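Visitor: One file: run.txt (compact mmCIF, C-alpha atoms).
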```txt
# COMPACT_ATOMS: atom_id res chain seq x y z
CA MET Y 1 -74.83 -70.37 -14.38
CA LYS Y 2 -77.66 -68.15 -15.58
CA LYS Y 3 -78.36 -70.63 -18.39
CA ASN Y 4 -78.61 -73.49 -15.87
CA ILE Y 5 -81.07 -71.58 -13.69
CA CYS Y 6 -83.19 -70.77 -16.75
CA TYR Y 7 -83.13 -74.47 -17.70
CA ILE Y 8 -84.27 -75.49 -14.21
CA LEU Y 9 -87.07 -72.89 -14.22
CA PHE Y 10 -88.22 -73.96 -17.71
CA THR Y 11 -88.24 -77.62 -16.69
CA SER Y 12 -90.21 -76.80 -13.54
CA ILE Y 13 -92.80 -74.75 -15.47
CA VAL Y 14 -93.32 -77.52 -18.02
CA LEU Y 15 -93.56 -80.11 -15.25
CA PHE Y 16 -96.17 -78.20 -13.26
CA THR Y 17 -98.30 -77.29 -16.28
CA SER Y 18 -98.42 -80.78 -17.75
CA CYS Y 19 -101.94 -81.98 -18.35
CA LYS Y 20 -101.27 -85.68 -17.83
CA ILE Y 21 -103.77 -87.26 -15.47
CA THR Y 22 -102.52 -89.63 -12.81
CA LYS Y 23 -104.41 -91.71 -10.33
CA ARG Y 24 -103.31 -91.75 -6.72
CA THR Y 25 -104.30 -94.90 -4.90
CA THR Y 26 -105.45 -94.69 -1.30
CA ASP Y 27 -106.11 -98.23 -0.06
CA LYS Y 28 -104.47 -99.33 3.20
CA GLN Y 29 -101.89 -101.65 1.66
CA THR Y 30 -100.71 -99.03 -0.84
CA THR Y 31 -100.62 -96.36 1.88
CA THR Y 32 -98.34 -98.63 3.96
CA GLU Y 33 -96.11 -99.28 0.93
CA ASN Y 34 -95.95 -95.55 0.17
CA LYS Y 35 -94.88 -94.78 3.74
CA LYS Y 36 -92.04 -97.29 3.40
CA GLN Y 37 -91.02 -95.81 0.04
CA GLU Y 38 -91.18 -92.27 1.39
CA GLU Y 39 -89.02 -93.25 4.34
CA THR Y 40 -86.39 -94.68 2.02
CA LEU Y 41 -86.49 -91.54 -0.13
CA ILE Y 42 -85.63 -89.46 2.92
CA GLY Y 43 -82.06 -88.27 2.75
CA ARG Y 44 -79.73 -86.41 0.41
CA TRP Y 45 -79.21 -87.50 -3.19
CA LYS Y 46 -76.50 -86.27 -5.58
CA LEU Y 47 -77.13 -86.05 -9.34
CA VAL Y 48 -74.62 -88.27 -11.16
CA LYS Y 49 -76.10 -88.60 -14.64
CA LEU Y 50 -79.04 -87.41 -16.71
CA SER Y 51 -80.54 -88.49 -20.00
CA GLY Y 52 -83.38 -87.52 -22.29
CA GLY Y 53 -84.44 -84.05 -23.29
CA ILE Y 54 -84.86 -83.06 -26.92
CA VAL Y 55 -81.52 -84.62 -27.91
CA GLY Y 56 -82.18 -87.77 -25.86
CA LYS Y 57 -78.56 -88.49 -25.04
CA GLU Y 58 -76.98 -89.50 -21.75
CA GLN Y 59 -74.80 -86.84 -20.16
CA ASP Y 60 -72.95 -85.93 -17.01
CA PRO Y 61 -74.17 -83.06 -14.81
CA PRO Y 62 -72.91 -79.62 -15.94
CA MET Y 63 -69.19 -79.13 -15.24
CA GLY Y 64 -68.54 -77.43 -11.91
CA GLN Y 65 -72.13 -77.80 -10.78
CA VAL Y 66 -73.36 -80.08 -8.01
CA GLN Y 67 -77.09 -80.75 -7.80
CA VAL Y 68 -78.44 -82.34 -4.65
CA ILE Y 69 -82.03 -83.23 -3.82
CA GLU Y 70 -82.87 -83.59 -0.16
CA PHE Y 71 -86.05 -85.39 0.85
CA THR Y 72 -87.46 -84.75 4.32
CA PRO Y 73 -90.68 -86.46 5.43
CA THR Y 74 -92.71 -83.62 3.86
CA GLU Y 75 -90.44 -81.53 1.61
CA MET Y 76 -88.18 -81.91 -1.39
CA VAL Y 77 -85.33 -79.40 -1.45
CA LEU Y 78 -83.20 -78.69 -4.55
CA ILE Y 79 -79.66 -77.54 -3.73
CA ILE Y 80 -77.21 -76.39 -6.40
CA ASN Y 81 -73.57 -75.82 -5.40
CA GLY Y 82 -74.55 -75.72 -1.73
CA LYS Y 83 -77.32 -73.11 -2.17
CA GLU Y 84 -81.01 -73.91 -1.78
CA VAL Y 85 -82.80 -73.22 -5.07
CA SER Y 86 -86.30 -74.51 -4.31
CA ARG Y 87 -88.30 -76.12 -1.53
CA ASN Y 88 -91.63 -77.85 -2.22
CA SER Y 89 -93.96 -80.17 -0.37
CA TYR Y 90 -94.37 -83.62 -1.89
CA THR Y 91 -96.28 -86.85 -1.53
CA THR Y 92 -95.74 -90.28 -3.05
CA GLY Y 93 -98.25 -92.61 -4.62
CA LYS Y 94 -98.98 -94.75 -7.65
CA GLY Y 95 -99.73 -93.16 -10.98
CA LYS Y 96 -99.76 -93.69 -14.72
CA SER Y 97 -96.46 -93.28 -16.47
CA MET Y 98 -95.53 -92.57 -20.07
CA GLN Y 99 -92.86 -95.25 -19.74
CA SER Y 100 -95.03 -98.18 -18.66
CA ILE Y 101 -98.53 -99.57 -19.06
CA ASN Y 102 -98.53 -100.38 -15.33
CA GLU Y 103 -98.85 -97.83 -12.57
CA ARG Y 104 -95.50 -96.73 -11.16
CA ASP Y 105 -94.21 -95.12 -8.00
CA MET Y 106 -94.65 -91.37 -8.34
CA ILE Y 107 -93.58 -88.21 -6.56
CA PHE Y 108 -96.26 -85.51 -6.58
CA ILE Y 109 -95.05 -81.94 -5.96
CA ASN Y 110 -97.35 -79.59 -4.00
CA ALA Y 111 -100.14 -82.23 -4.08
CA ASN Y 112 -100.42 -81.88 -7.87
CA THR Y 113 -101.43 -85.43 -8.85
CA SER Y 114 -101.76 -84.48 -12.53
CA ALA Y 115 -98.02 -83.78 -12.88
CA GLY Y 116 -96.04 -86.45 -11.09
CA MET Y 117 -92.52 -87.71 -11.63
CA SER Y 118 -91.97 -91.46 -11.66
CA TYR Y 119 -89.16 -92.83 -9.57
CA ASN Y 120 -87.28 -96.05 -8.98
CA LEU Y 121 -85.30 -96.68 -5.83
CA LEU Y 122 -82.77 -99.49 -5.68
CA GLY Y 123 -80.47 -99.42 -2.67
CA ASP Y 124 -78.44 -96.21 -2.79
CA LYS Y 125 -79.49 -95.41 -6.37
CA LEU Y 126 -82.50 -93.25 -7.22
CA THR Y 127 -83.87 -92.56 -10.70
CA ILE Y 128 -86.44 -89.80 -11.21
CA SER Y 129 -88.15 -89.38 -14.59
CA GLU Y 130 -90.09 -86.32 -15.68
CA GLU Y 131 -93.41 -87.51 -17.07
CA PHE Y 132 -93.73 -85.43 -20.24
CA HIS Y 133 -92.37 -85.68 -23.76
CA ASP Y 134 -88.67 -84.74 -24.02
CA GLY Y 135 -88.42 -84.82 -20.22
CA PHE Y 136 -85.23 -85.82 -18.44
CA THR Y 137 -84.44 -88.92 -16.45
CA LYS Y 138 -82.07 -88.07 -13.61
CA HIS Y 139 -79.89 -90.60 -11.83
CA PHE Y 140 -78.89 -89.92 -8.22
CA GLU Y 141 -76.74 -91.60 -5.60
CA ARG Y 142 -77.39 -91.36 -1.88
CA ILE Y 143 -74.98 -89.05 -0.08
CA GLY Y 144 -73.43 -90.39 3.11
CA LYS Y 145 -74.15 -88.75 6.44
CA ASN Y 146 -70.67 -87.17 6.58
CA ASP Y 147 -70.74 -85.89 2.98
CA ASP Y 148 -72.24 -82.49 2.10
CA GLY Y 149 -72.26 -83.37 -1.61
CA LEU Y 150 -70.03 -80.49 -2.70
CA LEU Y 151 -67.15 -80.79 -5.16
CA ARG Y 152 -63.68 -81.18 -3.66
CA GLU Y 153 -60.37 -80.37 -5.31
```
Would you give me this structure, written as structure tokens?
Guide:
Amino acid sequence: MKKNICYILFTSIVLFTSCKITKRTTDKQTTTENKKQEETLIGRWKLVKLSGGIVGKEQDPPMGQVQVIEFTPTEMVLIINGKEVSRNSYTTGKGKSMQSINERDMIFINANTSAGMSYNLLGDKLTISEEFHDGFTKHFERIGKNDDGLLRE
């Protein structure tokens, strides 16, 4: 458990100290699109798979650990095994990605537009990619309203 918390802290530090520059668009059409995207992000999402890192392989979440991200209209909350680990404000916008020559949908934590995470939302599936070398891509599924996301025996 201590190793997992250290991993999360290390990933967060690298993410927030990245020097990649992104451009956040502010025209009316994009603002309207971002509001729609943000509204669809709102809810609880359970981590089902991750890939990348130094090894670059696809893997399941750590055994016995449930990671949930909850998006409210203004905050992103990380919950591990039913306990809140972090709570940060966020915004969405368009930005440059390491994975594409085109601008992509981005999540900016604490208004830091130089260290965004790209995301792709398709129905009840959400993919969030850390935008730095050896970063992880995390795959989430939307949690139903009657599901708390915890493991059941």
Visitor: Which residue is closest to Lys83 of chain Y? Choose from Y:Ser114, Y:Gln67, Y:Met98, Y:Leu41 and count only C-alpha atoms.
Guide: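 Nearest candidate to Lys83 of chain Y out of Y:Ser114, Y:Gln67, Y:Met98, Y:Leu41: Y:Gln67.
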Visitor: Write out as a ChimeraX atom specification the residues lying within 9 Å of segment 118-130 of chain Y, counting only C-alpha atoms and excluding same-chain residues fewer than 4 positions away.
Guide: /Y:11,15,37,40-41,45,94-97,99,104-108,134-143
Visitor: I need the residues from that last selection saved to file as an mmCIF file, keeping the file's coordinate frame (with C-alpha atoms), if you can.
Guide:
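The resulting file, result13.cif, is shown below:
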```cif
data_model
loop_
_atom_site.group_PDB
_atom_site.id
_atom_site.type_symbol
_atom_site.label_atom_id
_atom_site.label_comp_id
_atom_site.auth_asym_id
_atom_site.auth_seq_id
_atom_site.Cartn_x
_atom_site.Cartn_y
_atom_site.Cartn_z
ATOM 1 C CA THR Y 11 -88.240 -77.620 -16.690
ATOM 2 C CA LEU Y 15 -93.560 -80.110 -15.250
ATOM 3 C CA GLN Y 37 -91.020 -95.810 0.040
ATOM 4 C CA THR Y 40 -86.390 -94.680 2.020
ATOM 5 C CA LEU Y 41 -86.490 -91.540 -0.130
ATOM 6 C CA TRP Y 45 -79.210 -87.500 -3.190
ATOM 7 C CA LYS Y 94 -98.980 -94.750 -7.650
ATOM 8 C CA GLY Y 95 -99.730 -93.160 -10.980
ATOM 9 C CA LYS Y 96 -99.760 -93.690 -14.720
ATOM 10 C CA SER Y 97 -96.460 -93.280 -16.470
ATOM 11 C CA GLN Y 99 -92.860 -95.250 -19.740
ATOM 12 C CA ARG Y 104 -95.500 -96.730 -11.160
ATOM 13 C CA ASP Y 105 -94.210 -95.120 -8.000
ATOM 14 C CA MET Y 106 -94.650 -91.370 -8.340
ATOM 15 C CA ILE Y 107 -93.580 -88.210 -6.560
ATOM 16 C CA PHE Y 108 -96.260 -85.510 -6.580
ATOM 17 C CA ASP Y 134 -88.670 -84.740 -24.020
ATOM 18 C CA GLY Y 135 -88.420 -84.820 -20.220
ATOM 19 C CA PHE Y 136 -85.230 -85.820 -18.440
ATOM 20 C CA THR Y 137 -84.440 -88.920 -16.450
ATOM 21 C CA LYS Y 138 -82.070 -88.070 -13.610
ATOM 22 C CA HIS Y 139 -79.890 -90.600 -11.830
ATOM 23 C CA PHE Y 140 -78.890 -89.920 -8.220
ATOM 24 C CA GLU Y 141 -76.740 -91.600 -5.600
ATOM 25 C CA ARG Y 142 -77.390 -91.360 -1.880
ATOM 26 C CA ILE Y 143 -74.980 -89.050 -0.080
#
```
Visitor: Using only C-alpha atoms for the distances, tell me which of Y:Lys145, Y:Asn88, Y:Ile80, Y:Thr74 is nearest to Pro61 of chain Y.
Guide: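 Closest to Pro61 of chain Y, using only C-alpha atoms: Y:Ile80.
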Visitor: Applying 12 Å and all atoms listed in the file, which residues near Ile109 of chain Y remain after dropping the ones on its own chain fewer than 5 positions away? List them as a ChimeraX atom specification.
Guide: /Y:12,15-17,71,74-77,86-93,114-118,130
Visitor: What does the distance from atom CA of Gly52 of chain Y to atom CA of Thr72 of chain Y come to in Å, to one decimal?
Guide: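 That distance, rounded to one decimal, is 27.1 Å.
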Visitor: Just to confirm, what's the straight-line distance from atom CA of Glu70 of chain Y to atom CA of Lys57 of chain Y in Å (one decimal)?
Guide: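 According to the coordinates, atom CA of Glu70 of chain Y and atom CA of Lys57 of chain Y are separated by 25.7 Å.
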Visitor: Measure the distance from atom CA of Val68 of chain Y to atom CA of Gly56 of chain Y in Å and round it to one decimal.
Guide: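 Taking atom CA of Val68 of chain Y as the start and atom CA of Gly56 of chain Y as the end point, the length is 22.2 Å.
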